[in-house]
file model.cif (mmCIF, C-alpha atoms)
data_run
#
loop_
_atom_site.label_atom_id
_atom_site.label_comp_id
_atom_site.auth_asym_id
_atom_site.auth_seq_id
_atom_site.Cartn_x
_atom_site.Cartn_y
_atom_site.Cartn_z
CA MET A 1 -113.22 123.50 107.02
CA ARG A 2 -115.41 124.15 103.99
CA ASP A 3 -114.23 123.82 100.41
CA PHE A 4 -114.05 126.99 98.35
CA ARG A 5 -116.88 128.18 96.11
CA PHE A 6 -116.34 130.83 93.46
CA GLY A 7 -118.73 133.31 91.88
CA PHE A 8 -118.81 136.37 89.67
CA ASN A 9 -121.06 139.42 89.55
CA PHE A 10 -122.75 140.58 86.33
CA PHE A 11 -123.14 144.33 85.75
CA ASP A 12 -124.59 144.44 82.25
CA VAL A 13 -126.07 142.30 79.51
CA ALA A 14 -124.92 143.58 76.12
CA ASP A 15 -126.62 140.93 73.99
CA ARG A 16 -127.61 137.27 74.17
CA ALA A 17 -124.59 135.89 72.30
CA SER A 18 -121.97 137.60 74.48
CA PHE A 19 -123.94 136.80 77.64
CA VAL A 20 -124.15 133.10 76.81
CA ARG A 21 -120.47 133.02 75.86
CA ARG A 22 -119.45 134.68 79.14
CA CYS A 23 -121.51 132.24 81.21
CA ARG A 24 -120.13 129.19 79.42
CA GLU A 25 -116.55 130.44 79.64
CA ALA A 26 -116.94 131.09 83.36
CA GLU A 27 -118.37 127.63 83.91
CA ALA A 28 -115.40 126.11 82.04
CA GLN A 29 -113.04 128.21 84.17
CA GLY A 30 -114.40 126.61 87.32
CA TYR A 31 -116.83 129.20 88.61
CA ASP A 32 -119.70 127.80 90.65
CA ILE A 33 -122.26 130.62 90.55
CA ALA A 34 -123.25 133.64 88.44
CA LEU A 35 -124.67 136.54 90.42
CA VAL A 36 -126.65 139.67 89.62
CA PRO A 37 -126.70 142.88 91.68
CA ASP A 38 -130.05 144.63 92.10
CA HIS A 39 -129.37 148.16 90.85
CA LEU A 40 -131.37 150.44 88.61
CA GLY A 41 -129.71 150.68 85.22
CA GLY A 42 -128.42 147.11 85.51
CA PRO A 43 -130.00 143.86 84.33
CA ALA A 44 -133.19 142.61 85.95
CA PRO A 45 -132.11 139.91 88.43
CA PHE A 46 -134.46 137.00 87.79
CA PRO A 47 -134.50 136.93 83.96
CA THR A 48 -130.70 137.14 84.09
CA MET A 49 -130.50 134.24 86.54
CA VAL A 50 -132.73 132.04 84.41
CA ALA A 51 -130.80 132.89 81.23
CA ALA A 52 -127.45 132.14 82.90
CA ALA A 53 -128.67 128.76 84.12
CA ASP A 54 -130.16 127.98 80.72
CA ALA A 55 -126.82 128.75 79.03
CA THR A 56 -124.85 126.38 81.27
CA GLU A 57 -124.91 122.85 82.64
CA ARG A 58 -124.22 123.25 86.36
CA LEU A 59 -123.75 126.97 87.12
CA ARG A 60 -125.80 128.09 90.09
CA VAL A 61 -127.35 131.57 89.97
CA GLY A 62 -128.32 134.22 92.47
CA GLY A 63 -128.57 137.85 93.47
CA LEU A 64 -125.77 139.66 95.29
CA VAL A 65 -127.85 141.18 96.66
CA LEU A 66 -131.50 142.07 96.07
CA ASN A 67 -132.57 145.38 97.58
CA ALA A 68 -135.31 144.37 100.04
CA ALA A 69 -137.06 147.72 99.65
CA PHE A 70 -137.70 147.00 95.96
CA TRP A 71 -139.73 143.87 96.67
CA ASN A 72 -143.15 142.86 97.93
CA ALA A 73 -143.07 139.46 99.65
CA HIS A 74 -145.75 137.83 97.48
CA LEU A 75 -144.20 139.12 94.25
CA LEU A 76 -140.71 138.08 95.32
CA ALA A 77 -141.96 134.62 96.36
CA ARG A 78 -143.39 134.21 92.87
CA GLU A 79 -140.09 135.26 91.25
CA VAL A 80 -138.00 132.98 93.47
CA ALA A 81 -140.21 129.94 93.04
CA THR A 82 -140.53 130.37 89.27
CA ALA A 83 -136.80 130.90 88.78
CA ASP A 84 -135.95 127.96 91.04
CA ARG A 85 -138.22 125.69 89.02
CA LEU A 86 -137.02 126.92 85.63
CA THR A 87 -133.38 126.47 86.65
CA GLY A 88 -133.89 123.02 88.14
CA GLY A 89 -133.19 124.18 91.69
CA ARG A 90 -130.09 126.31 91.09
CA VAL A 91 -131.19 129.62 92.64
CA GLU A 92 -129.62 131.23 95.71
CA LEU A 93 -131.42 134.27 97.10
CA GLY A 94 -129.32 137.16 98.38
CA LEU A 95 -130.88 140.05 100.30
CA GLY A 96 -129.62 143.38 101.59
CA ALA A 97 -131.10 146.54 103.08
CA GLY A 98 -130.25 148.82 100.12
CA HIS A 99 -127.74 151.65 100.22
CA MET A 100 -128.01 153.86 97.10
CA LYS A 101 -130.34 156.75 97.96
CA TRP A 102 -130.63 157.90 94.34
CA GLU A 103 -132.18 154.55 93.43
CA PHE A 104 -134.85 154.92 96.10
CA ASP A 105 -135.55 158.45 94.84
CA ALA A 106 -135.73 157.33 91.20
CA ALA A 107 -138.05 154.42 92.06
CA ARG A 108 -140.16 156.72 94.28
CA ILE A 109 -139.55 154.53 97.29
CA PRO A 110 -139.18 156.42 100.59
CA TRP A 111 -135.60 156.58 101.81
CA GLU A 112 -135.54 155.50 105.46
CA PRO A 113 -132.81 155.39 108.11
CA PHE A 114 -130.62 152.31 108.05
CA GLY A 115 -132.36 150.65 110.98
CA ALA A 116 -135.75 150.96 109.32
CA ARG A 117 -134.36 149.49 106.10
CA VAL A 118 -132.97 146.52 108.01
CA ASP A 119 -136.32 146.02 109.73
CA ARG A 120 -137.99 146.03 106.31
CA MET A 121 -135.55 143.37 105.09
CA ALA A 122 -136.12 141.21 108.19
CA ALA A 123 -139.88 141.45 107.74
CA LEU A 124 -139.51 140.41 104.10
CA VAL A 125 -137.54 137.30 105.10
CA GLU A 126 -140.18 136.36 107.67
CA GLU A 127 -142.97 136.83 105.13
CA LEU A 128 -141.15 134.72 102.54
CA ARG A 129 -140.60 131.96 105.07
CA GLY A 130 -144.28 132.07 105.96
CA LEU A 131 -145.34 131.91 102.33
CA PHE A 132 -143.06 129.01 101.48
CA ALA A 133 -144.06 127.15 104.67
CA GLU A 134 -147.80 127.86 104.45
CA PRO A 135 -149.82 124.66 104.77
CA GLY A 136 -150.97 123.62 101.35
CA TYR A 137 -148.63 126.02 99.55
CA ALA A 138 -146.54 123.30 97.92
CA GLU A 139 -149.57 121.12 97.31
CA ARG A 140 -151.32 123.92 95.47
CA ALA A 141 -148.19 124.40 93.39
CA ASP A 142 -148.48 120.84 92.12
CA ARG A 143 -151.92 121.42 90.69
CA GLU A 144 -152.43 122.41 87.10
CA ALA A 145 -153.35 125.99 88.02
CA ALA A 146 -151.22 128.26 85.88
CA HIS A 147 -153.39 131.22 86.82
CA ASP A 148 -152.45 130.83 90.52
CA LEU A 149 -148.78 131.72 90.25
CA THR A 150 -148.54 132.69 93.93
CA ALA A 151 -148.96 129.01 94.73
CA LEU A 152 -145.66 128.07 93.10
CA ALA A 153 -143.18 126.52 95.52
CA PRO A 154 -139.38 126.46 95.12
CA VAL A 155 -137.70 123.20 94.20
CA GLN A 156 -135.05 123.56 96.90
CA LYS A 157 -135.80 123.05 100.57
CA SER A 158 -132.49 123.99 102.19
CA GLY A 159 -133.14 127.61 103.17
CA PHE A 160 -135.93 129.46 104.94
CA GLY A 161 -136.13 126.77 107.59
CA GLY A 162 -136.34 124.00 105.02
CA PHE A 163 -138.92 125.60 102.74
CA GLY A 164 -136.91 127.42 100.07
CA PRO A 165 -133.54 128.02 98.40
CA PRO A 166 -130.37 128.99 100.27
CA LEU A 167 -130.51 132.53 101.67
CA LEU A 168 -127.60 134.97 101.78
CA ILE A 169 -127.82 138.19 103.78
CA GLY A 170 -124.95 140.62 103.38
CA GLY A 171 -123.79 143.86 104.96
CA THR A 172 -121.47 145.50 107.45
CA GLY A 173 -123.64 146.90 110.26
CA ASP A 174 -124.50 145.10 113.47
CA ARG A 175 -128.23 145.06 112.76
CA VAL A 176 -128.00 143.53 109.30
CA LEU A 177 -125.44 140.94 110.42
CA GLU A 178 -127.68 140.01 113.35
CA GLN A 179 -130.43 139.29 110.83
CA ALA A 180 -127.98 137.26 108.76
CA VAL A 181 -127.08 135.14 111.77
CA ARG A 182 -130.75 134.65 112.60
CA HIS A 183 -132.12 133.82 109.16
CA ALA A 184 -129.42 133.14 106.54
CA ASP A 185 -127.48 130.13 105.37
CA ILE A 186 -124.74 132.37 103.96
CA VAL A 187 -123.41 135.55 105.57
CA GLY A 188 -121.92 138.12 103.21
CA VAL A 189 -119.26 140.19 104.98
CA ALA A 190 -119.21 143.31 102.83
CA GLY A 191 -115.94 145.13 102.29
CA ALA A 192 -117.29 148.55 101.33
CA TYR A 193 -118.23 150.85 104.21
CA GLN A 194 -120.32 154.00 104.12
CA ALA A 195 -117.97 156.97 104.44
CA PRO A 196 -118.83 158.94 107.61
CA GLY A 197 -120.39 162.30 106.90
CA ARG A 198 -120.57 161.69 103.16
CA PRO A 199 -123.70 161.24 100.97
CA PRO A 200 -125.31 157.76 101.07
CA GLY A 201 -123.56 155.41 98.67
CA THR A 202 -120.10 156.94 99.21
CA PHE A 203 -117.93 154.02 100.20
CA LEU A 204 -114.53 153.30 101.69
CA LEU A 205 -112.68 150.01 101.26
CA GLY A 206 -112.65 148.04 104.50
CA SER A 207 -109.49 146.96 106.29
CA ALA A 208 -108.38 143.61 107.69
CA GLU A 209 -109.13 144.90 111.18
CA GLN A 210 -112.70 145.71 110.20
CA ALA A 211 -113.10 142.25 108.66
CA ASP A 212 -111.77 140.69 111.87
CA ASP A 213 -114.32 142.68 113.87
CA ARG A 214 -117.25 141.78 111.62
CA VAL A 215 -116.42 138.06 111.59
CA ARG A 216 -115.95 138.13 115.37
CA PHE A 217 -119.37 139.75 115.69
CA VAL A 218 -120.98 137.07 113.53
CA ARG A 219 -119.21 134.30 115.44
CA GLU A 220 -120.33 135.66 118.83
CA ARG A 221 -123.93 136.19 117.76
CA ALA A 222 -124.18 132.83 116.00
CA GLY A 223 -122.79 130.70 118.83
CA ASP A 224 -123.15 127.02 117.99
CA ARG A 225 -124.82 127.92 114.69
CA PHE A 226 -121.60 129.49 113.38
CA ALA A 227 -120.35 126.12 112.09
CA GLU A 228 -123.45 125.90 109.87
CA LEU A 229 -122.88 129.27 108.21
CA GLU A 230 -121.02 129.81 104.95
CA LEU A 231 -119.08 133.09 104.88
CA ASN A 232 -119.02 135.08 101.65
CA VAL A 233 -116.59 137.79 100.62
CA LEU A 234 -116.85 140.05 97.57
CA ILE A 235 -113.41 140.91 96.15
CA GLN A 236 -113.42 144.48 94.84
CA HIS A 237 -110.29 144.23 92.66
CA VAL A 238 -108.05 141.46 91.28
CA GLU A 239 -104.62 142.22 89.85
CA ILE A 240 -101.93 139.85 88.61
CA THR A 241 -98.61 141.51 89.43
CA PRO A 242 -95.10 140.32 90.28
CA ASP A 243 -94.63 143.15 92.82
CA ARG A 244 -97.26 143.24 95.55
CA ARG A 245 -95.55 146.04 97.47
CA ALA A 246 -95.44 148.39 94.48
CA PHE A 247 -99.08 147.69 93.70
CA ALA A 248 -100.15 148.32 97.30
CA GLU A 249 -98.26 151.60 97.38
CA ARG A 250 -99.94 152.75 94.17
CA VAL A 251 -103.40 151.74 95.35
CA ALA A 252 -102.93 153.48 98.71
CA ALA A 253 -101.71 156.65 97.04
CA GLU A 254 -104.23 156.84 94.20
CA LEU A 255 -107.39 154.96 95.21
CA VAL A 256 -107.70 154.40 98.97
CA PRO A 257 -105.78 157.14 100.78
CA HIS A 258 -107.50 156.17 104.05
CA LEU A 259 -105.41 152.96 104.04
CA THR A 260 -101.64 152.60 104.30
CA PRO A 261 -99.74 150.33 101.88
CA GLU A 262 -99.39 147.82 104.72
CA GLN A 263 -103.17 147.84 105.21
CA VAL A 264 -103.72 147.34 101.49
CA LEU A 265 -101.35 144.36 101.55
CA ASP A 266 -103.42 142.83 104.37
CA CYS A 267 -106.85 143.80 103.03
CA PRO A 268 -109.15 140.77 102.43
CA PHE A 269 -111.34 142.68 99.96
CA VAL A 270 -108.70 142.99 97.23
CA LEU A 271 -106.52 140.28 95.71
CA PHE A 272 -103.21 140.87 93.98
CA GLY A 273 -99.85 139.27 93.33
CA THR A 274 -98.81 136.25 91.30
CA VAL A 275 -101.38 133.52 90.79
CA GLU A 276 -99.64 131.40 93.41
CA GLN A 277 -99.55 134.29 95.88
CA MET A 278 -103.24 135.02 95.39
CA ALA A 279 -104.16 131.39 95.94
CA GLU A 280 -102.16 131.40 99.16
CA GLN A 281 -103.84 134.64 100.27
CA LEU A 282 -107.24 133.01 99.93
CA ARG A 283 -106.11 129.98 101.90
CA GLU A 284 -104.87 132.31 104.65
CA ARG A 285 -108.15 134.23 104.63
CA ARG A 286 -110.11 131.01 104.91
CA GLU A 287 -108.08 130.19 108.00
CA ARG A 288 -108.26 133.70 109.50
CA TYR A 289 -111.84 134.70 108.69
CA GLY A 290 -113.61 131.60 107.44
CA PHE A 291 -114.17 133.07 103.95
CA THR A 292 -114.83 130.16 101.61
CA TYR A 293 -117.40 131.61 99.18
CA VAL A 294 -115.37 134.07 97.09
CA VAL A 295 -116.94 136.39 94.49
CA VAL A 296 -115.24 138.73 92.03
CA HIS A 297 -116.70 141.45 89.85
CA ALA A 298 -117.25 140.76 86.15
CA PRO A 299 -114.17 142.66 84.88
CA PHE A 300 -111.90 140.33 86.86
CA VAL A 301 -113.38 136.96 85.85
CA ASP A 302 -110.50 136.04 83.52
CA ALA A 303 -107.76 137.36 85.82
CA PHE A 304 -109.13 135.31 88.73
CA ALA A 305 -109.66 132.09 86.77
CA PRO A 306 -106.06 130.80 87.17
CA VAL A 307 -106.42 131.23 90.93
CA ILE A 308 -109.46 128.94 90.88
CA GLU A 309 -107.39 126.35 89.05
CA GLN A 310 -104.68 126.60 91.72
CA LEU A 311 -107.19 126.11 94.53
CA ARG A 312 -109.05 123.20 92.93
#
call {"tool": "encode", "arguments": {"input": "model.cif", "output": "structure tokens"}}
result
Amino acid sequence: MRDFRFGFNFFDVADRASFVRRCREAEAQGYDIALVPDHLGGPAPFPTMVAAADATERLRVGGLVLNAAFWNAHLLAREVATADRLTGGRVELGLGAGHMKWEFDAARIPWEPFGARVDRMAALVEELRGLFAEPGYAERADREAAHDLTALAPVQKSGFGGFGPPLLIGGTGDRVLEQAVRHADIVGVAGAYQAPGRPPGTFLLGSAEQADDRVRFVRERAGDRFAELELNVLIQHVEITPDRRAFAERVAAELVPHLTPEQVLDCPFVLFGTVEQMAEQLRERRERYGFTYVVVHAPFVDAFAPVIEQLR
């Protein structure tokens, strides 16, 4: 059974001083990785990764997750390799198929059906692997040729078949999880599901039964490779409370009416209770689902920190 890893998601960068302070505090609290979503209106992923690594001693950095439709393979290879070198090999690349239609519209990128977006992501992974593995690619990167930035090679050789940094692919649908099993080192089991019949980007919180189904799907598709995969879960809310039942009833009534209080209590995508109870919940979820790479959103970094201490 894998040890736990803990991460947090950045949503904004107010100024350098507060950003550096947040990164250093998180590192001191025991977090292993700082992550950046890839959304318009939020911070640019790669400058944020490099700055977070520069502000800390050991914190790894990554994207959770980059929207594949935003990226050309050659341009992304350059970003990944440069960031991996500047951070001393601390980058983890996360990819997804994209889900916010308004962002595609604003960026003037054609909005395609989900299957086509997954195909685009899979093609991007294959192109990146080919670029990193191209004969002479790494050798060219060692030359003093600053003008030839496409020749840069990542420091790490653990992902992309041994040619690049670790790769995370996250999602909920069969097609994206099949790609994760095929290509990724880390599988992100997302806990927010597209609401049926609602506009793209309208989400419902997933249930324990849905998480069981998605992990079962990954396990079946992966076969013997399942033992090599790290499973990631993004916690949508963290709440320290002495009364789990009362909190679950309030959440079910006010925030997720599609779930019963009992389903909220069992939901692996939220975390609430005393610090000791939350630590025990994560141990149980590791046993039940295999979730060992746990990420919380930025507003919950401090609330979750005592749980990290319990689990260390």
call {"tool": "residues_near_point", "arguments": {"input": "model.cif", "point": "(-125.9, 138.7, 87.7)", "cutoff": "9 Å", "atoms": "only C-alpha atoms", "output": "list in words"}}
result
Phe8, Asn9, Phe10, Phe11, Asp12, Val13, Ala34, Leu35, Val36, Pro37, Asp38, Pro43, Ala44, Pro45, Phe46, Thr48, Met49, Ala52, Val61, Gly62, Gly63 and Leu64 of chain A
call {"tool": "write_last_selection", "arguments": {"input": "model.cif", "atoms": "C-alpha atoms", "output": "short mmCIF file (atom, residue, chain, number, x, y, z; two decimals), in the frame of the given file"}}
result
data_model
loop_
_atom_site.label_atom_id
_atom_site.label_comp_id
_atom_site.auth_asym_id
_atom_site.auth_seq_id
_atom_site.Cartn_x
_atom_site.Cartn_y
_atom_site.Cartn_z
CA PHE A 8 -118.81 136.37 89.67
CA ASN A 9 -121.06 139.42 89.55
CA PHE A 10 -122.75 140.58 86.33
CA PHE A 11 -123.14 144.33 85.75
CA ASP A 12 -124.59 144.44 82.25
CA VAL A 13 -126.07 142.30 79.51
CA ALA A 34 -123.25 133.64 88.44
CA LEU A 35 -124.67 136.54 90.42
CA VAL A 36 -126.65 139.67 89.62
CA PRO A 37 -126.70 142.88 91.68
CA ASP A 38 -130.05 144.63 92.10
CA PRO A 43 -130.00 143.86 84.33
CA ALA A 44 -133.19 142.61 85.95
CA PRO A 45 -132.11 139.91 88.43
CA PHE A 46 -134.46 137.00 87.79
CA THR A 48 -130.70 137.14 84.09
CA MET A 49 -130.50 134.24 86.54
CA ALA A 52 -127.45 132.14 82.90
CA VAL A 61 -127.35 131.57 89.97
CA GLY A 62 -128.32 134.22 92.47
CA GLY A 63 -128.57 137.85 93.47
CA LEU A 64 -125.77 139.66 95.29
#
call {"tool": "residues_around", "arguments": {"input": "model.cif", "residues": "range 260-275 of chain A", "least_positions_apart": "5", "cutoff": "9 Å", "atoms": "only C-alpha atoms", "output": "MDAnalysis selection string"}}
result
chainID A and resid 190:192 205:209 211 233:253 280:282 285 303:304 306:307 310
call {"tool": "residues_around", "arguments": {"input": "model.cif", "residues": "range 56-59 of chain A", "least_positions_apart": "2", "cutoff": "12 Å", "atoms": "only C-alpha atoms", "output": "VMD selection string"}}
result
chain A and resid 5 to 8 19 to 35 49 to 54 61 to 62 87 to 92
call {"tool": "closest_residue", "arguments": {"input": "model.cif", "among": "A:Arg129, A:Arg286, A:His258, A:Arg216", "to": "Ser158 in chain A", "atoms": "all atoms listed in the file"}}
result
A:Arg129
call {"tool": "atom_distance", "arguments": {"input": "model.cif", "atom1": "CA of Glu134 in chain A", "atom2": "CA of Thr82 in chain A"}}
result
17.0 Å
call {"tool": "closest_residue", "arguments": {"input": "model.cif", "among": "A:Leu177, A:Ala77, A:Val218, A:Val296", "to": "Ala133 in chain A", "atoms": "only C-alpha atoms"}}
result
A:Ala77
call {"tool": "residues_around", "arguments": {"input": "model.cif", "residues": "Ala122 in chain A", "least_positions_apart": "3", "cutoff": "10 Å", "atoms": "all atoms listed in the file", "output": "PyMOL selection string"}}
result
chain A and resi 68+95-97+116-119+125-128+169+175-176+178-180+182-183
call {"tool": "write_last_selection", "arguments": {"input": "model.cif", "atoms": "C-alpha atoms", "output": "compact mmCIF listing (two decimals), keeping the file's coordinate frame"}}
result
# COMPACT_ATOMS: atom_id res chain seq x y z
CA ALA A 68 -135.31 144.37 100.04
CA LEU A 95 -130.88 140.05 100.30
CA GLY A 96 -129.62 143.38 101.59
CA ALA A 97 -131.10 146.54 103.08
CA ALA A 116 -135.75 150.96 109.32
CA ARG A 117 -134.36 149.49 106.10
CA VAL A 118 -132.97 146.52 108.01
CA ASP A 119 -136.32 146.02 109.73
CA VAL A 125 -137.54 137.30 105.10
CA GLU A 126 -140.18 136.36 107.67
CA GLU A 127 -142.97 136.83 105.13
CA LEU A 128 -141.15 134.72 102.54
CA ILE A 169 -127.82 138.19 103.78
CA ARG A 175 -128.23 145.06 112.76
CA VAL A 176 -128.00 143.53 109.30
CA GLU A 178 -127.68 140.01 113.35
CA GLN A 179 -130.43 139.29 110.83
CA ALA A 180 -127.98 137.26 108.76
CA ARG A 182 -130.75 134.65 112.60
CA HIS A 183 -132.12 133.82 109.16
call {"tool": "residues_near_point", "arguments": {"input": "model.cif", "point": "(-132.0, 151.3, 97.2)", "cutoff": "10 Å", "atoms": "only C-alpha atoms", "output": "list of chain:residue names"}}
result
A:Asp38, A:His39, A:Leu40, A:Leu66, A:Asn67, A:Ala68, A:Ala69, A:Phe70, A:Gly96, A:Ala97, A:Gly98, A:His99, A:Met100, A:Lys101, A:Trp102, A:Glu103, A:Phe104, A:Asp105, A:Ala106, A:Ala107, A:Ile109, A:Pro110, A:Trp111, A:Glu112, A:Arg117, A:Gly201
call {"tool": "closest_residue", "arguments": {"input": "model.cif", "among": "A:Arg283, A:Gly173, A:Ala184, A:Arg120", "to": "Arg312 in chain A", "atoms": "all atoms listed in the file"}}
result
A:Arg283
call {"tool": "closest_residue", "arguments": {"input": "model.cif", "among": "A:Asp174, A:Asp224, A:Glu254, A:Asp185", "to": "Gly161 in chain A", "atoms": "all atoms listed in the file"}}
result
A:Asp185
call {"tool": "atom_distance", "arguments": {"input": "model.cif", "atom1": "CA of Phe163 in chain A", "atom2": "CA of Phe114 in chain A"}}
result
28.5 Å
call {"tool": "atom_distance", "arguments": {"input": "model.cif", "atom1": "CA of Leu167 in chain A", "atom2": "CA of Tyr193 in chain A"}}
result
22.2 Å
call {"tool": "axis_aligned_box", "arguments": {"input": "model.cif", "around": "range 244-252 of chain A", "padding_each_side": "3 Å", "output": "AutoDock Vina command-line options"}}
result
--center_x -99.4 --center_y 148.4 --center_z 96.2 --size_x 14.0 --size_y 16.2 --size_z 11.0
